[in-house]
Amino acid sequence: MDEFAVEMRDVVKIFPTPEGGEVAAVNHVTLQIKHGEFFSMLGPSGCGKTTSLRMMAGFEWPTEGEIYIDGTAMGRTPPYLRTVNTVFQSYALFQHMSVFQNVAFGLEMEHVPKKEIEHRVRDALEMVKLSGMGRRKPKQLSGGQQQRIALARALVKRPAVLLLDEPLGALDLKLRKEMQLELKALQKEVGITFVYVTHDQEEALTMSDRIAVMSQGKVLQIGTPVEIYERPNCRFVADFIGETNFLKGRVKKTDEDLLTVELLDFPREIKGVGQGNLAVGQEVSISIRPEKVRLEDDINDDTAPYKDSDNLLRGRVLTTAYVGSDTRIIIDIGHNISLIVWEQNHISTLDPQAYYTAEDKVVIHLPFENTLVLPEG
Amino acid sequence: MSEKKPALWLRIFSFLVYVYIYLPILILIVFSFNTQKLNIRWEGFTFKWYEVLFNDSNVMLATRNTLLIAFISTLVATVIGTMAALALQRYRFPGYALTESVLYIPVIIPEVVMGISLLAFFALIKFQLGLVTITLSHIAFNIPFVALVVRARLHGFDKSIEEASMDLGANELTTFWRVTLPTIMPGVLSGAMLAFTLSLDDYVITYFTAGPGATTLPLRVFSMV
Ligand SMILES: Nc1ncnc2c1ncn2[C@@H]1O[C@H](COP(=O)(O)OP(=O)(O)OP(=O)(O)O)[C@@H](O)[C@H]1O
Ligand SMILES: [Mg+2]
């Protein structure tokens with residue numbers, strides 16, 4: 001067994017466009033997926049997720065680069081000779097076959113003896129909680145049930161890797177949440193490597209061991225959900241995953257543990273944790289998540305100066321929204337810039353004075369370790 | 001699903017349409033048992049005409065020819081027409097638009113034109129007219145009809161089921177037999193049925209391509225009227 005279940009080495013995929021041009025759907029992607037891992041590919045529409053997955057499955061061939069499955073270069077190996085199986089977004093069930101026949105199809109292709117097919121199909125249907133549905137036609141099942149058939153049909157082959165292209169995309173929110181948990185539990189149970197394509201960042205965060213964030217054919221960052229959320233390596237990733245506030249700036253000093261950044265919109269210096277190699281003079285984005293900002297009532301005189309190094313800003317509350325677990329506050333800090341802050345409601349009270357309200361004057365504290373200095377991109 | 005009864009006027013209207021379509025045929029059937037030969041006045045009941053018919057060896061031969069031609073031309077045209085429909089669905093190539101529109105020309109042009117052109121063609125390559133030329137001609141005019149019907153069925157065909165099949169271990173050929181063909185089968189069957197009926201009662205094209213020896217039922221019937 002090779003170290004990696006799937007590996008993409010410098011893979012490029014060029015498609016001709018109808019207008020006669022070319023589009024690089026996947027642009028020099030390199031990534032390694034470990035055995036037994038729940039690996040997600042996340043990114044906005046058109047970033048090349050499906051194309052990457054289809055190249056792993058063998059429906060498309062890389063224009064450049066190479067894909068390895070369990071250490072073997074795939075080249076132009078057709079789909080039916082690869083040890084991977086796919087769950088399609090449209091499910092792609094065979095409508096002219098019963099549920100049983102659908103699930104048995106892949107085993108028949110392997111010439112598994114009839115007896116064994118029967119009990120493996122039964123086990124697979126049981127695993128996806130659809131025992132007793134074998135005689136039905138796919139059309140006679142709900143969307144969620146069809147989804148499970150597609151899953152059973154792929155899993156019954158016991159593939160080394162299961163490829164899933166937005167498998168929950170067609171389900172309503174509630175069913176989606178249920179299936180997310182079930183899928184994750186199932187993956188742990190069968191121990192198969194899952195490569196999971198989604199454009200839903202919450203889904204990726206809850207399910208994955210590691211996530212690759214893609215944009216315009218490139219992988220921007222690969223990491224655990226915590227790494228991706230807490231330490232995004234560029235502005236795009238910070239923006240795409242969760243919510244955040246950005247301030248534009250220019251790097252002033254890099255010689256200390258923390259970088260010093262001059263804001264572009266008004267004269268002030270902010271210190272934060274730099275990501276990647278940032279040079280003095282480079283334009284950067286400062287990113288701070290709404291729940292990581294700390295607020296205090298501004299009891300000082302307006303004119304009293306704050307030291308820059310304190311990462312303090314002054315502001316005025318514009319609006320607040322009480323959402324139960326926290327209160328979402330939009331604060332005007334002047335110069336046409338506003339920040340979003342989520343204050344956790346950790347005390348239980350009906351006293352309106354305990355919450356911020358519009359027009360309150362506040363001091364905004366950006367803790368150094370939560371303030372990220374990110375390259376554009 | 002709840003089954004609703006159609007409105008009264010709709011039922012009456014539908015009934016009249018059926019009368020319009022089937023009454024003439026019904027009358028013909030009834031009068032085929034009439035003892036009178038030409039009159040449409042009822043004289044008496046007889047099986048005589050059927051006896052004459054089944055003892056007429058020319059008619060029986062023409063019937064056999066007709067069925068044979070219809071069977072073979074349907075089979076060949078269905079295979080070729082289906083392949084054409086699949087190819088047009090699957091591939092984009094230089095000359096695609098031309099291929100597509102040219103395929104349907106036989107559907108549109110008058111039968112006489114097609115008949116004469118086929119006759120001229122066979123004369124040009126000095127091909128002996130007979131059952132073979134009739135069959136070849138029927139194949140030619142049936143292909144576009146089959147292709148049309150199969151293409152309609154292929155419209156909205158989800159290509160991912162073929163990919164799913166290959167993903168599950170079936171090669172291209174197995175995928176075609178086990179997944180593609182069963183999925184488009186309703187279209188293929190209606191195409192074949194259309195081709196069969198068109199071939200059965202074709203007169204004009206058959207007339208031009210039959211030659212002296214060969215005859216089919218429509219030709220024979222017309223010659224007797
Ligand atoms: N067969 C094709 N021919 C031409 N261009 C294609 C083809 N498939 C994909 N593309 C282009 O490649 C790019 C990436 O497409 P891809 O389907 O991989 O995106 P995606 O990340 O899966 O997006 P989505 O979230 O919308 O599914 C897009 O710009 C798309 O238009
Ligand atoms: Mg996609």
# chains A, B, ... in the order shown; residues from 1 in each chain; ligands from 1
>>> residues_near_ligand(ligand="ligand 2", cutoff="8 Å", atoms="only C-alpha atoms and all ligand atoms", output="PyMOL selection string")
chain A and resi 45-46+48-51+165-166+197-198
>>> closest_atom_pairs(of="chain A", to="ligand 1", cutoff="9 Å", atoms="only C-alpha atoms and all ligand atoms", output="Markdown table")
| residue | atom | partner | partner_atom_place_in_ligand_line | distance |
| --- | --- | --- | --- | --- |
| A:Lys13 | CA | ligand 1 | 12 (O) | 8.4 |
| A:Ile14 | CA | ligand 1 | 12 (O) | 7.9 |
| A:Phe15 | CA | ligand 1 | 4 (C) | 4.7 |
| A:Pro16 | CA | ligand 1 | 4 (C) | 5.7 |
| A:Thr17 | CA | ligand 1 | 4 (C) | 5.5 |
| A:Pro18 | CA | ligand 1 | 4 (C) | 7.6 |
| A:Glu22 | CA | ligand 1 | 5 (N) | 8.3 |
| A:Val23 | CA | ligand 1 | 12 (O) | 6.5 |
| A:Ala24 | CA | ligand 1 | 12 (O) | 6.7 |
| A:Ala25 | CA | ligand 1 | 12 (O) | 3.9 |
| A:Val26 | CA | ligand 1 | 14 (C) | 7.0 |
| A:Met41 | CA | ligand 1 | 21 (O) | 8.8 |
| A:Leu42 | CA | ligand 1 | 21 (O) | 8.0 |
| A:Gly43 | CA | ligand 1 | 21 (O) | 6.4 |
| A:Pro44 | CA | ligand 1 | 25 (O) | 5.8 |
| A:Ser45 | CA | ligand 1 | 25 (O) | 3.5 |
| A:Gly46 | CA | ligand 1 | 19 (O) | 3.4 |
| A:Cys47 | CA | ligand 1 | 21 (O) | 3.9 |
| A:Gly48 | CA | ligand 1 | 18 (O) | 3.1 |
| A:Lys49 | CA | ligand 1 | 21 (O) | 3.8 |
| A:Thr50 | CA | ligand 1 | 22 (O) | 3.6 |
| A:Thr51 | CA | ligand 1 | 18 (O) | 3.7 |
| A:Ser52 | CA | ligand 1 | 18 (O) | 6.4 |
| A:Leu53 | CA | ligand 1 | 18 (O) | 8.0 |
| A:Arg54 | CA | ligand 1 | 18 (O) | 8.3 |
| A:Glu60 | CA | ligand 1 | 1 (N) | 8.7 |
| A:Asp165 | CA | ligand 1 | 22 (O) | 8.0 |
| A:Glu166 | CA | ligand 1 | 27 (O) | 7.9 |
| A:Val197 | CA | ligand 1 | 22 (O) | 7.8 |
| A:Thr198 | CA | ligand 1 | 25 (O) | 7.0 |
| A:His199 | CA | ligand 1 | 25 (O) | 5.8 |
| A:Met214 | CA | ligand 1 | 21 (O) | 8.0 |
| A:Ser215 | CA | ligand 1 | 21 (O) | 8.2 |
| A:Gln216 | CA | ligand 1 | 14 (C) | 7.7 |
| A:Gly217 | CA | ligand 1 | 14 (C) | 6.9 |
>>> residues_around(residues="A:Pro225", least_positions_apart="3", cutoff="8 Å", atoms="only C-alpha atoms", output="compact mmCIF listing (two decimals) with C-alpha atoms, in the first residue's frame")
# COMPACT_ATOMS: atom_id res chain seq x y z
CA ALA A 204 -16.94 20.91 4.59
CA LEU A 205 -16.06 22.15 8.07
CA THR A 206 -18.35 19.72 9.91
CA SER A 208 -13.86 16.76 6.80
CA ASP A 209 -10.56 15.63 8.21
CA ARG A 210 -8.87 17.98 5.75
CA ILE A 211 -10.11 20.51 3.24
CA ILE A 228 -8.50 26.67 7.40
CA TYR A 229 -10.75 28.70 9.67
>>> interface_residues(of="chain A", to="chain B", cutoff="10 Å", atoms="only C-alpha atoms", output="count of residues only")
39
>>> residues_around(residues="stretch 366-372 of chain A", least_positions_apart="5", cutoff="8 Å", atoms="only C-alpha atoms", output="ChimeraX atom specification")
/A:231,258,271-275,286-289,292-294,311-312
>>> atom_distance(atom1="atom CA of B:Gly191", atom2="atom CA of B:Thr78")
6.9 Å
>>> select_by_dssp(residues="stretch 289-372 of chain A", states="strand (DSSP E or B)", output="PyMOL selection string")
chain A and resi 294-297+312-322+326-332+338-344+361-365+372
>>> decode(residues="stretch 33-45 of chain B", atoms="all heavy atoms", output="compact mmCIF listing (two decimals), in the first residue's frame")
# COMPACT_ATOMS: atom_id res chain seq x y z
N PHE B 33 -67.98 -8.65 -46.73
CA PHE B 33 -68.79 -9.88 -46.61
C PHE B 33 -70.05 -9.83 -47.47
O PHE B 33 -70.92 -10.67 -47.37
CB PHE B 33 -69.19 -10.11 -45.14
CG PHE B 33 -68.00 -10.31 -44.24
CD1 PHE B 33 -67.57 -9.31 -43.38
CD2 PHE B 33 -67.31 -11.53 -44.26
CE1 PHE B 33 -66.49 -9.51 -42.56
CE2 PHE B 33 -66.21 -11.72 -43.44
CZ PHE B 33 -65.80 -10.71 -42.59
N ASN B 34 -70.12 -8.79 -48.34
CA ASN B 34 -71.30 -8.59 -49.17
C ASN B 34 -71.23 -9.48 -50.42
O ASN B 34 -70.17 -9.63 -51.02
CB ASN B 34 -71.35 -7.11 -49.58
CG ASN B 34 -72.69 -6.74 -50.17
OD1 ASN B 34 -73.57 -7.61 -50.30
ND2 ASN B 34 -72.84 -5.47 -50.51
N THR B 35 -72.35 -10.08 -50.78
CA THR B 35 -72.35 -10.93 -51.98
C THR B 35 -72.21 -10.11 -53.25
O THR B 35 -71.66 -10.57 -54.23
CB THR B 35 -73.64 -11.76 -52.06
OG1 THR B 35 -74.74 -10.91 -51.77
CG2 THR B 35 -73.62 -12.92 -51.10
N GLN B 36 -72.73 -8.89 -53.24
CA GLN B 36 -72.60 -8.00 -54.39
C GLN B 36 -71.15 -7.57 -54.58
O GLN B 36 -70.45 -7.32 -53.61
CB GLN B 36 -73.46 -6.75 -54.16
CG GLN B 36 -74.78 -6.75 -54.89
CD GLN B 36 -74.60 -6.43 -56.36
OE1 GLN B 36 -73.57 -5.92 -56.77
NE2 GLN B 36 -75.62 -6.76 -57.16
N LYS B 37 -70.70 -7.46 -55.85
CA LYS B 37 -69.28 -7.19 -56.04
C LYS B 37 -68.95 -5.70 -55.87
O LYS B 37 -68.05 -5.32 -55.14
CB LYS B 37 -68.84 -7.66 -57.41
CG LYS B 37 -67.32 -7.62 -57.57
CD LYS B 37 -66.88 -8.32 -58.84
CE LYS B 37 -65.37 -8.29 -58.97
NZ LYS B 37 -64.94 -8.86 -60.24
N LEU B 38 -69.67 -4.83 -56.59
CA LEU B 38 -69.28 -3.43 -56.61
C LEU B 38 -70.20 -2.52 -55.81
O LEU B 38 -69.78 -1.50 -55.29
CB LEU B 38 -69.23 -2.92 -58.05
CG LEU B 38 -68.01 -3.39 -58.85
CD1 LEU B 38 -68.09 -2.91 -60.28
CD2 LEU B 38 -66.73 -2.90 -58.17
N ASN B 39 -71.46 -2.94 -55.73
CA ASN B 39 -72.43 -2.07 -55.11
C ASN B 39 -72.15 -1.85 -53.63
O ASN B 39 -71.56 -2.67 -52.97
CB ASN B 39 -73.83 -2.67 -55.25
CG ASN B 39 -74.67 -1.79 -56.14
OD1 ASN B 39 -74.51 -0.58 -56.13
ND2 ASN B 39 -75.55 -2.41 -56.91
N ILE B 40 -72.61 -0.70 -53.16
CA ILE B 40 -72.53 -0.51 -51.74
C ILE B 40 -73.91 -0.77 -51.13
O ILE B 40 -74.24 -0.30 -50.06
CB ILE B 40 -72.03 0.92 -51.38
CG1 ILE B 40 -72.83 1.98 -52.16
CG2 ILE B 40 -70.56 1.07 -51.65
CD1 ILE B 40 -72.92 3.29 -51.46
N ARG B 41 -74.71 -1.54 -51.90
CA ARG B 41 -76.00 -1.96 -51.36
C ARG B 41 -75.83 -3.34 -50.80
O ARG B 41 -75.20 -4.21 -51.39
CB ARG B 41 -77.06 -1.95 -52.47
CG ARG B 41 -78.30 -1.17 -52.08
CD ARG B 41 -79.40 -1.24 -53.15
NE ARG B 41 -79.65 -2.57 -53.63
CZ ARG B 41 -79.55 -2.93 -54.91
NH1 ARG B 41 -79.21 -2.05 -55.83
NH2 ARG B 41 -79.80 -4.16 -55.29
N TRP B 42 -76.33 -3.57 -49.60
CA TRP B 42 -76.16 -4.87 -48.95
C TRP B 42 -77.05 -5.90 -49.59
O TRP B 42 -78.25 -5.72 -49.69
CB TRP B 42 -76.47 -4.74 -47.46
CG TRP B 42 -76.19 -6.02 -46.72
CD1 TRP B 42 -77.11 -6.93 -46.32
CD2 TRP B 42 -74.93 -6.53 -46.35
NE1 TRP B 42 -76.50 -7.97 -45.71
CE2 TRP B 42 -75.13 -7.75 -45.71
CE3 TRP B 42 -73.61 -6.07 -46.49
CZ2 TRP B 42 -74.10 -8.54 -45.20
CZ3 TRP B 42 -72.59 -6.84 -45.99
CH2 TRP B 42 -72.83 -8.07 -45.35
N GLU B 43 -76.47 -7.00 -50.09
CA GLU B 43 -77.24 -8.04 -50.77
C GLU B 43 -77.37 -9.29 -49.92
O GLU B 43 -78.42 -9.89 -49.81
CB GLU B 43 -76.57 -8.40 -52.10
CG GLU B 43 -76.58 -7.28 -53.12
CD GLU B 43 -77.92 -7.17 -53.87
OE1 GLU B 43 -78.54 -8.22 -54.10
OE2 GLU B 43 -78.33 -6.03 -54.20
N GLY B 44 -76.26 -9.70 -49.33
CA GLY B 44 -76.29 -10.92 -48.52
C GLY B 44 -74.90 -11.23 -48.01
O GLY B 44 -73.90 -10.68 -48.50
N PHE B 45 -74.82 -12.11 -47.05
CA PHE B 45 -73.57 -12.40 -46.39
C PHE B 45 -72.81 -13.52 -47.10
O PHE B 45 -73.37 -14.52 -47.51
CB PHE B 45 -73.83 -12.80 -44.94
CG PHE B 45 -72.57 -12.97 -44.15
CD1 PHE B 45 -71.97 -11.89 -43.51
CD2 PHE B 45 -71.98 -14.23 -44.06
CE1 PHE B 45 -70.83 -12.07 -42.79
CE2 PHE B 45 -70.82 -14.40 -43.33
CZ PHE B 45 -70.23 -13.31 -42.70
